[in-house]
Number of protein chains: 2
Amino acid sequence: MSEQPKYRQLADALRREIVNGIYPPGARLPSESELSTRFDASRNTVRNGLKLLVSEGLVTSSQGLGYEVRSHEVFELNASRFENLTFQQNGDSYTTDVTNAGRRPHQTFRVEMKPAPEDIAERLRIEVGSTTVLRFCHRYVDDVPWSTQATYYPGWLTEQAPRLSEPGDIAEGTTRYLAGHDIEQVGYFDEIATRMPTPDEARLLEIGAGVPVLLWTRTGYSKDKRIRCTITTFRGDLNRMQYEIGDLSARNEVL
Amino acid sequence: MSEQPKYRQLADALRREIVNGIYPPGARLPSESELSTRFDASRNTVRNGLKLLVSEGLVTSSQGLGYEVRSHEVFELNASRFENLTFQQNGDSYTTDVTNAGRRPHQTFRVEMKPAPEDIAERLRIEVGSTTVLRFCHRYVDDVPWSTQATYYPGWLTEQAPRLSEPGDIAEGTTRYLAGHDIEQVGYFDEIATRMPTPDEARLLEIGAGVPVLLWTRTGYSKDKRIRCTITTFRGDLNRMQYEIGDLSARNEVL
DNA sequence: CTGTTGAGCTTGTTGGTACAAGCTCGATGA
DNA sequence: TCATCGAGCTTGTACCAACAAGCTCAACAG
């Protein structure tokens, strides 16, 4: 027996073949029993090796179907544009260029009133249990789940901005809509975390076990009040976030 | 048989007992054979359940010793404190933050010269393969691995700031040291990503294969040049990043 | 022609066994 | 006294077997 246990050798061999393109993204790996004969190992040992690759996010497994090599095309999200967010992939913005490039973004909304949970109440500086407007947003690109978003607005905002609590999209964007009703967001702070998805998130984002999610919590405030808190859940394997901070004018010179 | 498979029920039960403090951090779990009789399951099933907890980062296992409950205190990292750097008396923000949190920081350094790899060269706007100073830094909090960091500096910097390429800590912090040699960082942009750890990272950070890592790439620039690129790898389960953007003076009023 | 069923593939779960390898600690021997 | 060894615990690796559950697709019945 060589130094490395057999299941690791198996995983290393398969990993090599995957990164070398022998099994490209979307391809199916040989079945456990095939690998079992190829590597002269029991099915348990094969499963141990494959479990490594799944946990690395290289492949997914599904009952009845087999093991599939995951694609790893990365979208970049610039989070520090103060005015507006642009979702980008390879330089294409989500709202315009993606459409032009033949990609079809779409999003669905759901609105409800909900008593503020503890973490939200703390961020919005309101009482736990007080009324909030909760706007859900599910985003897709080419019908592939992209992100799920939950935005909480303190209830008092609806007096000035009633459309917040009405169902449906706000075409001009909520930031602009609020600004038009004398509620201007002058800053925000973000919290970013990562963890493995809950079963619900895995289902909504259609990701298998072994793929982390990126959690992005943005709390925005006006001159004198906190006006919203947005929690966005991304597929961690397909997203990067970017922040630009400091003297941005100088950055242009060093681009 | 109930809906959930037995190994998940087992993991759920143990997880509950861990978060409820029945098994506090540092405690040993019962051995596999004890759990086997307690849950009336085979050792394979027990191992499947424990593997879940290990991959969640809740416990570690070591051959001959058993399963130990890990500590799981979350650390918050403010990544946007650009102006505050000026007011720091000594040391870098890591040392300051950790000490302020009442915990014990500890870091080791390693310095080498290395030809610029492609991704670094692109970020530093230098030729691929040109000389860079690479400073590694492993950081611990209370002797628990916290992050590994690799900072690339373009080679020309050493003419103005020779201590960069010398081994050992730069006590006042590299940002301050560089500023003292007329190299002032006026801004930076960050990229944040998450993925599952490579085997090397899992070993260095002492995390299980199921704990995602948080990748933080910061590219800093002076008035006319890009001066460094830092890639930091964090344990994703114990870290959150925070950014504050916009009119920070207004934020003070709504704190 | 269409809808259903089931054979035959896949992975998922659970049980068992055996031995290797790492750690602790008491017994043993110099 | 002190170093060494080994019994006895722990987890790690590897094998086997059986059945459950999900998917595909061809054969079949209506």
# chains A, B, ... in the order shown; residues from 1 in each chain; ligands from 1

call {"tool": "closest_atom_pairs", "arguments": {"of": "chain D", "to": "chain A", "cutoff": "9 Å", "atoms": "only C-alpha atoms (C1' of nucleotides)", "output": "JSON lines"}}
result
{"residue": "D:DT13", "atom": "C1'", "partner": "A:Pro5", "partner_atom": "CA", "distance": 7.3}
{"residue": "D:DA14", "atom": "C1'", "partner": "A:Thr45", "partner_atom": "CA", "distance": 6.9}
{"residue": "D:DC15", "atom": "C1'", "partner": "A:Ser42", "partner_atom": "CA", "distance": 6.4}
{"residue": "D:DC16", "atom": "C1'", "partner": "A:Ser42", "partner_atom": "CA", "distance": 8.4}
{"residue": "D:DA21", "atom": "C1'", "partner": "A:Gln63", "partner_atom": "CA", "distance": 7.7}
{"residue": "D:DG22", "atom": "C1'", "partner": "A:Gly64", "partner_atom": "CA", "distance": 4.6}
{"residue": "D:DC23", "atom": "C1'", "partner": "A:Gly64", "partner_atom": "CA", "distance": 4.8}

call {"tool": "write_last_selection", "arguments": {"atoms": "N, CA, C and O atoms (P, O5', C5', C4', C3', O3' and C1' of nucleotides)", "output": "PDB file, in the first residue's frame"}}
result
ATOM      1  P    DT D  13      -8.809   7.771   6.598  1.00  0.00           P
ATOM      2  O5'  DT D  13      -8.850   6.249   6.141  1.00  0.00           O
ATOM      3  C5'  DT D  13      -7.638   5.527   6.049  1.00  0.00           C
ATOM      4  C4'  DT D  13      -7.903   4.091   5.683  1.00  0.00           C
ATOM      5  C3'  DT D  13      -8.669   3.886   4.369  1.00  0.00           C
ATOM      6  O3'  DT D  13      -7.836   3.132   3.513  1.00  0.00           O
ATOM      7  C1'  DT D  13      -9.529   2.500   6.096  1.00  0.00           C
ATOM      8  P    DA D  14      -8.235   2.970   1.951  1.00  0.00           P
ATOM      9  O5'  DA D  14      -9.058   1.619   1.944  1.00  0.00           O
ATOM     10  C5'  DA D  14      -8.421   0.415   2.323  1.00  0.00           C
ATOM     11  C4'  DA D  14      -9.455  -0.683   2.477  1.00  0.00           C
ATOM     12  C3'  DA D  14     -10.480  -0.752   1.344  1.00  0.00           C
ATOM     13  O3'  DA D  14     -10.086  -1.796   0.456  1.00  0.00           O
ATOM     14  C1'  DA D  14     -11.429  -1.167   3.516  1.00  0.00           C
ATOM     15  P    DC D  15     -10.888  -1.996  -0.873  1.00  0.00           P
ATOM     16  O5'  DC D  15     -12.001  -3.061  -0.440  1.00  0.00           O
ATOM     17  C5'  DC D  15     -11.591  -4.369  -0.084  1.00  0.00           C
ATOM     18  C4'  DC D  15     -12.667  -5.061   0.704  1.00  0.00           C
ATOM     19  C3'  DC D  15     -13.998  -5.241  -0.007  1.00  0.00           C
ATOM     20  O3'  DC D  15     -13.950  -6.378  -0.849  1.00  0.00           O
ATOM     21  C1'  DC D  15     -14.251  -4.794   2.337  1.00  0.00           C
ATOM     22  P    DC D  16     -15.110  -6.656  -1.889  1.00  0.00           P
ATOM     23  O5'  DC D  16     -16.333  -7.159  -0.992  1.00  0.00           O
ATOM     24  C5'  DC D  16     -16.189  -8.297  -0.154  1.00  0.00           C
ATOM     25  C4'  DC D  16     -17.464  -8.483   0.650  1.00  0.00           C
ATOM     26  C3'  DC D  16     -18.737  -8.482  -0.197  1.00  0.00           C
ATOM     27  O3'  DC D  16     -19.286  -9.785  -0.253  1.00  0.00           O
ATOM     28  C1'  DC D  16     -18.980  -7.157   1.797  1.00  0.00           C
ATOM     29  P    DA D  21     -38.079   3.992   0.752  1.00  0.00           P
ATOM     30  O5'  DA D  21     -37.411   4.847  -0.413  1.00  0.00           O
ATOM     31  C5'  DA D  21     -36.277   5.640  -0.097  1.00  0.00           C
ATOM     32  C4'  DA D  21     -35.795   6.360  -1.346  1.00  0.00           C
ATOM     33  C3'  DA D  21     -36.904   6.856  -2.271  1.00  0.00           C
ATOM     34  O3'  DA D  21     -36.522   8.129  -2.752  1.00  0.00           O
ATOM     35  C1'  DA D  21     -35.435   5.527  -3.483  1.00  0.00           C
ATOM     36  P    DG D  22     -37.597   9.136  -3.358  1.00  0.00           P
ATOM     37  O5'  DG D  22     -36.942   9.575  -4.745  1.00  0.00           O
ATOM     38  C5'  DG D  22     -35.651  10.161  -4.737  1.00  0.00           C
ATOM     39  C4'  DG D  22     -35.020   9.989  -6.099  1.00  0.00           C
ATOM     40  C3'  DG D  22     -35.912  10.405  -7.273  1.00  0.00           C
ATOM     41  O3'  DG D  22     -35.186  11.276  -8.112  1.00  0.00           O
ATOM     42  C1'  DG D  22     -35.004   8.278  -7.647  1.00  0.00           C
ATOM     43  P    DC D  23     -35.984  12.139  -9.216  1.00  0.00           P
ATOM     44  O5'  DC D  23     -35.510  11.528 -10.604  1.00  0.00           O
ATOM     45  C5'  DC D  23     -34.116  11.489 -10.901  1.00  0.00           C
ATOM     46  C4'  DC D  23     -33.875  10.544 -12.063  1.00  0.00           C
ATOM     47  C3'  DC D  23     -34.788  10.775 -13.262  1.00  0.00           C
ATOM     48  O3'  DC D  23     -34.031  11.270 -14.336  1.00  0.00           O
ATOM     49  C1'  DC D  23     -34.561   8.450 -12.731  1.00  0.00           C
TER      50       DC D  23
END

call {"tool": "closest_atom_pairs", "arguments": {"of": "chain C", "to": "chain A", "cutoff": "10 Å", "atoms": "only C-alpha atoms (C1' of nucleotides)", "output": "JSON lines"}}
result
{"residue": "C:DC9", "atom": "C1'", "partner": "A:Gly64", "partner_atom": "CA", "distance": 7.9}
{"residue": "C:DT10", "atom": "C1'", "partner": "A:Gly64", "partner_atom": "CA", "distance": 4.0}
{"residue": "C:DT11", "atom": "C1'", "partner": "A:Gln63", "partner_atom": "CA", "distance": 4.2}
{"residue": "C:DG12", "atom": "C1'", "partner": "A:Gln63", "partner_atom": "CA", "distance": 6.9}

call {"tool": "write_last_selection", "arguments": {"atoms": "N, CA, C and O atoms (P, O5', C5', C4', C3', O3' and C1' of nucleotides)", "output": "PDB file, in the first residue's frame"}}
result
ATOM      1  P    DC C   9     -28.878  -3.090 -16.062  1.00  0.00           P
ATOM      2  O5'  DC C   9     -28.376  -1.801 -15.253  1.00  0.00           O
ATOM      3  C5'  DC C   9     -27.749  -0.750 -15.954  1.00  0.00           C
ATOM      4  C4'  DC C   9     -28.253   0.588 -15.464  1.00  0.00           C
ATOM      5  C3'  DC C   9     -27.529   1.177 -14.259  1.00  0.00           C
ATOM      6  O3'  DC C   9     -26.284   1.716 -14.624  1.00  0.00           O
ATOM      7  C1'  DC C   9     -29.854   1.650 -14.196  1.00  0.00           C
ATOM      8  P    DT C  10     -25.157   1.902 -13.513  1.00  0.00           P
ATOM      9  O5'  DT C  10     -25.687   3.085 -12.588  1.00  0.00           O
ATOM     10  C5'  DT C  10     -25.680   4.434 -13.078  1.00  0.00           C
ATOM     11  C4'  DT C  10     -26.472   5.325 -12.143  1.00  0.00           C
ATOM     12  C3'  DT C  10     -25.958   5.435 -10.722  1.00  0.00           C
ATOM     13  O3'  DT C  10     -24.913   6.373 -10.643  1.00  0.00           O
ATOM     14  C1'  DT C  10     -28.319   5.192 -10.726  1.00  0.00           C
ATOM     15  P    DT C  11     -23.884   6.276  -9.424  1.00  0.00           P
ATOM     16  O5'  DT C  11     -24.719   6.859  -8.201  1.00  0.00           O
ATOM     17  C5'  DT C  11     -25.127   8.219  -8.203  1.00  0.00           C
ATOM     18  C4'  DT C  11     -26.129   8.474  -7.096  1.00  0.00           C
ATOM     19  C3'  DT C  11     -25.547   8.576  -5.682  1.00  0.00           C
ATOM     20  O3'  DT C  11     -26.218   9.609  -4.977  1.00  0.00           O
ATOM     21  C1'  DT C  11     -27.166   6.882  -5.737  1.00  0.00           C
ATOM     22  P    DG C  12     -25.842   9.893  -3.443  1.00  0.00           P
ATOM     23  O5'  DG C  12     -26.929   9.064  -2.631  1.00  0.00           O
ATOM     24  C5'  DG C  12     -28.269   9.554  -2.572  1.00  0.00           C
ATOM     25  C4'  DG C  12     -29.024   8.919  -1.405  1.00  0.00           C
ATOM     26  C3'  DG C  12     -28.300   8.972  -0.064  1.00  0.00           C
ATOM     27  O3'  DG C  12     -29.240   9.280   0.963  1.00  0.00           O
ATOM     28  C1'  DG C  12     -28.771   6.717  -0.619  1.00  0.00           C
TER      29       DG C  12
END

call {"tool": "closest_residue", "arguments": {"among": "B:Ile192, B:Leu178, B:Leu53, B:Leu10", "to": "B:Thr37", "atoms": "only C-alpha atoms"}}
result
B:Leu10

call {"tool": "select_by_dssp", "arguments": {"residues": "stretch 78-241 of chain B", "states": "strand (DSSP E)", "output": "short mmCIF file (atom, residue, chain, number, x, y, z; two decimals) with C-alpha atoms, in the first residue's frame"}}
result
data_model
loop_
_atom_site.label_atom_id
_atom_site.label_comp_id
_atom_site.auth_asym_id
_atom_site.auth_seq_id
_atom_site.Cartn_x
_atom_site.Cartn_y
_atom_site.Cartn_z
CA ASN B 78 -14.34 45.85 9.72
CA PRO B 105 -3.41 37.64 18.73
CA HIS B 106 -0.43 35.77 17.40
CA GLN B 107 1.07 35.84 13.94
CA THR B 108 3.98 34.37 12.04
CA PHE B 109 5.64 35.79 8.95
CA ARG B 110 7.51 34.40 6.02
CA VAL B 111 9.00 36.50 3.23
CA GLU B 112 10.19 35.40 -0.18
CA MET B 113 10.81 36.81 -3.63
CA LYS B 114 8.62 35.35 -6.31
CA PRO B 115 7.87 35.96 -9.98
CA THR B 131 9.85 40.20 -9.37
CA THR B 132 7.51 40.61 -6.41
CA VAL B 133 7.99 40.50 -2.68
CA LEU B 134 5.66 37.94 -1.20
CA ARG B 135 4.95 38.21 2.49
CA PHE B 136 3.06 35.33 4.07
CA CYS B 137 1.29 35.81 7.34
CA HIS B 138 -0.46 33.20 9.42
CA ARG B 139 -2.70 34.65 12.06
CA TYR B 140 -4.10 33.04 15.15
CA VAL B 141 -6.60 34.11 17.77
CA VAL B 144 -6.70 28.92 16.92
CA PRO B 145 -5.87 29.43 13.23
CA TRP B 146 -7.79 32.41 11.99
CA SER B 147 -6.46 33.41 8.59
CA THR B 148 -3.63 32.92 6.16
CA GLN B 149 -2.51 35.90 4.16
CA ALA B 150 -0.28 36.39 1.13
CA THR B 151 0.66 39.94 0.20
CA TYR B 152 2.42 40.70 -3.06
CA TYR B 153 4.39 43.93 -3.48
CA PRO B 154 5.88 44.97 -6.82
CA GLY B 187 -7.47 53.73 -1.91
CA TYR B 188 -8.08 50.10 -2.58
CA PHE B 189 -10.61 47.80 -4.05
CA ASP B 190 -11.66 44.52 -2.58
CA GLU B 191 -12.89 41.32 -4.06
CA ILE B 192 -14.68 38.84 -1.86
CA ALA B 193 -15.41 35.27 -2.75
CA THR B 194 -16.23 32.05 -1.04
CA ARG B 195 -15.53 28.45 -1.87
CA VAL B 213 -13.46 29.74 3.39
CA LEU B 214 -13.86 33.44 2.81
CA LEU B 215 -11.41 34.86 0.26
CA TRP B 216 -10.59 38.51 0.58
CA THR B 217 -8.43 40.08 -2.12
CA ARG B 218 -7.44 43.68 -1.50
CA THR B 219 -5.57 45.65 -4.13
CA GLY B 220 -4.16 48.93 -2.84
CA TYR B 221 -2.90 51.84 -4.88
CA ARG B 226 -0.71 49.94 -7.63
CA ILE B 227 1.38 49.07 -4.62
CA ARG B 228 0.13 45.80 -3.22
CA CYS B 229 -2.27 42.92 -3.47
CA THR B 230 -3.28 40.97 -0.40
CA ILE B 231 -5.11 37.66 -0.52
CA THR B 232 -6.50 36.63 2.82
CA THR B 233 -8.16 33.30 3.47
CA PHE B 234 -10.48 33.11 6.47
CA ARG B 235 -12.44 30.39 8.11
CA ASN B 239 -15.77 35.42 10.33
CA ARG B 240 -17.98 38.20 9.06
CA MET B 241 -16.80 41.16 7.08
#

call {"tool": "residues_around", "arguments": {"residues": "B:Val59", "least_positions_apart": "5", "cutoff": "9 Å", "atoms": "only C-alpha atoms (C1' of nucleotides)", "output": "VMD selection string"}}
result
chain B and resid 25 29 50 53 to 54 67 to 71 208

call {"tool": "closest_residue", "arguments": {"among": "B:Glu76, B:Glu206, B:Asp40, B:Glu118", "to": "chain A", "atoms": "only C-alpha atoms"}}
result
B:Glu76

call {"tool": "residues_around", "arguments": {"residues": "C:DC25", "least_positions_apart": "3", "cutoff": "12 Å", "atoms": "only C-alpha atoms (C1' of nucleotides)", "output": "PDB file with all heavy atoms, in the first residue's frame"}}
result
ATOM      1  P    DC D   5      10.862  -0.843  23.537  1.00  0.00           P
ATOM      2  OP1  DC D   5      11.747  -1.672  22.693  1.00  0.00           O
ATOM      3  OP2  DC D   5      10.303   0.419  23.009  1.00  0.00           O
ATOM      4  O5'  DC D   5       9.670  -1.752  24.034  1.00  0.00           O
ATOM      5  C5'  DC D   5       9.903  -2.693  25.078  1.00  0.00           C
ATOM      6  C4'  DC D   5       8.571  -3.235  25.580  1.00  0.00           C
ATOM      7  O4'  DC D   5       7.970  -2.270  26.486  1.00  0.00           O
ATOM      8  C3'  DC D   5       7.562  -3.501  24.469  1.00  0.00           C
ATOM      9  O3'  DC D   5       7.069  -4.817  24.576  1.00  0.00           O
ATOM     10  C2'  DC D   5       6.483  -2.443  24.675  1.00  0.00           C
ATOM     11  C1'  DC D   5       6.605  -2.102  26.157  1.00  0.00           C
ATOM     12  N1   DC D   5       6.246  -0.698  26.499  1.00  0.00           N
ATOM     13  C2   DC D   5       5.352  -0.439  27.560  1.00  0.00           C
ATOM     14  O2   DC D   5       4.882  -1.375  28.202  1.00  0.00           O
ATOM     15  N3   DC D   5       5.041   0.857  27.859  1.00  0.00           N
ATOM     16  C4   DC D   5       5.569   1.854  27.143  1.00  0.00           C
ATOM     17  N4   DC D   5       5.237   3.104  27.482  1.00  0.00           N
ATOM     18  C5   DC D   5       6.466   1.608  26.065  1.00  0.00           C
ATOM     19  C6   DC D   5       6.773   0.332  25.775  1.00  0.00           C
ATOM     20  P    DG D   6       6.227  -5.447  23.358  1.00  0.00           P
ATOM     21  OP1  DG D   6       6.697  -6.830  23.164  1.00  0.00           O
ATOM     22  OP2  DG D   6       6.230  -4.484  22.246  1.00  0.00           O
ATOM     23  O5'  DG D   6       4.759  -5.513  23.971  1.00  0.00           O
ATOM     24  C5'  DG D   6       4.590  -5.958  25.307  1.00  0.00           C
ATOM     25  C4'  DG D   6       3.232  -5.536  25.819  1.00  0.00           C
ATOM     26  O4'  DG D   6       3.243  -4.111  26.110  1.00  0.00           O
ATOM     27  C3'  DG D   6       2.086  -5.752  24.821  1.00  0.00           C
ATOM     28  O3'  DG D   6       0.949  -6.189  25.537  1.00  0.00           O
ATOM     29  C2'  DG D   6       1.869  -4.360  24.254  1.00  0.00           C
ATOM     30  C1'  DG D   6       2.132  -3.498  25.472  1.00  0.00           C
ATOM     31  N9   DG D   6       2.478  -2.116  25.183  1.00  0.00           N
ATOM     32  C8   DG D   6       3.295  -1.639  24.175  1.00  0.00           C
ATOM     33  N7   DG D   6       3.420  -0.347  24.181  1.00  0.00           N
ATOM     34  C5   DG D   6       2.638   0.069  25.260  1.00  0.00           C
ATOM     35  C6   DG D   6       2.374   1.359  25.755  1.00  0.00           C
ATOM     36  O6   DG D   6       2.799   2.442  25.338  1.00  0.00           O
ATOM     37  N1   DG D   6       1.524   1.328  26.865  1.00  0.00           N
ATOM     38  C2   DG D   6       0.998   0.184  27.412  1.00  0.00           C
ATOM     39  N2   DG D   6       0.206   0.349  28.461  1.00  0.00           N
ATOM     40  N3   DG D   6       1.233  -1.030  26.954  1.00  0.00           N
ATOM     41  C4   DG D   6       2.052  -1.011  25.884  1.00  0.00           C
ATOM     42  P    DA D   7      -0.075  -7.149  24.828  1.00  0.00           P
ATOM     43  OP1  DA D   7       0.397  -8.549  25.000  1.00  0.00           O
ATOM     44  OP2  DA D   7      -0.309  -6.612  23.494  1.00  0.00           O
ATOM     45  O5'  DA D   7      -1.383  -6.952  25.720  1.00  0.00           O
ATOM     46  C5'  DA D   7      -1.254  -6.855  27.140  1.00  0.00           C
ATOM     47  C4'  DA D   7      -2.294  -5.886  27.695  1.00  0.00           C
ATOM     48  O4'  DA D   7      -1.875  -4.516  27.418  1.00  0.00           O
ATOM     49  C3'  DA D   7      -3.685  -6.034  27.079  1.00  0.00           C
ATOM     50  O3'  DA D   7      -4.658  -5.861  28.110  1.00  0.00           O
ATOM     51  C2'  DA D   7      -3.749  -4.908  26.047  1.00  0.00           C
ATOM     52  C1'  DA D   7      -2.905  -3.834  26.713  1.00  0.00           C
ATOM     53  N9   DA D   7      -2.245  -2.905  25.800  1.00  0.00           N
ATOM     54  C8   DA D   7      -1.523  -3.214  24.681  1.00  0.00           C
ATOM     55  N7   DA D   7      -1.029  -2.166  24.068  1.00  0.00           N
ATOM     56  C5   DA D   7      -1.434  -1.090  24.833  1.00  0.00           C
ATOM     57  C6   DA D   7      -1.227   0.294  24.712  1.00  0.00           C
ATOM     58  N6   DA D   7      -0.520   0.856  23.727  1.00  0.00           N
ATOM     59  N1   DA D   7      -1.781   1.087  25.652  1.00  0.00           N
ATOM     60  C2   DA D   7      -2.493   0.517  26.643  1.00  0.00           C
ATOM     61  N3   DA D   7      -2.750  -0.769  26.865  1.00  0.00           N
ATOM     62  C4   DA D   7      -2.189  -1.535  25.914  1.00  0.00           C
ATOM     63  P    DG D   8      -6.191  -6.192  27.899  1.00  0.00           P
ATOM     64  OP1  DG D   8      -6.770  -6.611  29.188  1.00  0.00           O
ATOM     65  OP2  DG D   8      -6.259  -7.062  26.707  1.00  0.00           O
ATOM     66  O5'  DG D   8      -6.824  -4.768  27.527  1.00  0.00           O
ATOM     67  C5'  DG D   8      -6.609  -3.663  28.396  1.00  0.00           C
ATOM     68  C4'  DG D   8      -7.133  -2.395  27.743  1.00  0.00           C
ATOM     69  O4'  DG D   8      -6.129  -1.864  26.842  1.00  0.00           O
ATOM     70  C3'  DG D   8      -8.396  -2.596  26.880  1.00  0.00           C
ATOM     71  O3'  DG D   8      -9.339  -1.596  27.193  1.00  0.00           O
ATOM     72  C2'  DG D   8      -7.880  -2.454  25.461  1.00  0.00           C
ATOM     73  C1'  DG D   8      -6.780  -1.423  25.668  1.00  0.00           C
ATOM     74  N9   DG D   8      -5.808  -1.342  24.595  1.00  0.00           N
ATOM     75  C8   DG D   8      -5.320  -2.357  23.812  1.00  0.00           C
ATOM     76  N7   DG D   8      -4.458  -1.948  22.918  1.00  0.00           N
ATOM     77  C5   DG D   8      -4.380  -0.581  23.120  1.00  0.00           C
ATOM     78  C6   DG D   8      -3.612   0.399  22.458  1.00  0.00           C
ATOM     79  O6   DG D   8      -2.820   0.251  21.521  1.00  0.00           O
ATOM     80  N1   DG D   8      -3.839   1.676  22.991  1.00  0.00           N
ATOM     81  C2   DG D   8      -4.689   1.952  24.020  1.00  0.00           C
ATOM     82  N2   DG D   8      -4.772   3.232  24.399  1.00  0.00           N
ATOM     83  N3   DG D   8      -5.404   1.053  24.647  1.00  0.00           N
ATOM     84  C4   DG D   8      -5.203  -0.190  24.152  1.00  0.00           C
ATOM     85  P    DC D   9     -10.864  -1.800  26.802  1.00  0.00           P
ATOM     86  OP1  DC D   9     -11.635  -1.606  28.031  1.00  0.00           O
ATOM     87  OP2  DC D   9     -11.000  -3.042  26.009  1.00  0.00           O
ATOM     88  O5'  DC D   9     -11.129  -0.566  25.794  1.00  0.00           O
ATOM     89  C5'  DC D   9     -11.521   0.680  26.319  1.00  0.00           C
ATOM     90  C4'  DC D   9     -10.761   1.812  25.647  1.00  0.00           C
ATOM     91  O4'  DC D   9      -9.454   1.379  25.233  1.00  0.00           O
ATOM     92  C3'  DC D   9     -11.359   2.347  24.358  1.00  0.00           C
ATOM     93  O3'  DC D   9     -12.472   3.172  24.604  1.00  0.00           O
ATOM     94  C2'  DC D   9     -10.192   3.155  23.821  1.00  0.00           C
ATOM     95  C1'  DC D   9      -8.975   2.335  24.279  1.00  0.00           C
ATOM     96  N1   DC D   9      -8.279   1.613  23.180  1.00  0.00           N
ATOM     97  C2   DC D   9      -7.441   2.340  22.335  1.00  0.00           C
ATOM     98  O2   DC D   9      -7.306   3.556  22.528  1.00  0.00           O
ATOM     99  N3   DC D   9      -6.804   1.706  21.335  1.00  0.00           N
ATOM    100  C4   DC D   9      -6.970   0.391  21.164  1.00  0.00           C
ATOM    101  N4   DC D   9      -6.321  -0.199  20.170  1.00  0.00           N
ATOM    102  C5   DC D   9      -7.825  -0.375  22.004  1.00  0.00           C
ATOM    103  C6   DC D   9      -8.461   0.275  22.992  1.00  0.00           C
TER     104       DC D   9
END

call {"tool": "atom_distance", "arguments": {"atom1": "atom CA of B:Leu58", "atom2": "atom CA of B:Ile207"}}
result
9.5 Å

call {"tool": "closest_residue", "arguments": {"among": "B:His72, B:Arg8, B:Lys51, B:His181", "to": "D:DT11", "atoms": "only C-alpha atoms (C1' of nucleotides)"}}
result
B:Lys51

call {"tool": "atom_distance", "arguments": {"atom1": "atom C1' of D:DT4", "atom2": "atom C1' of C:DC19"}}
result
25.0 Å

call {"tool": "atom_distance", "arguments": {"atom1": "atom CA of A:Glu56", "atom2": "atom CA of A:Pro212"}}
result
10.0 Å
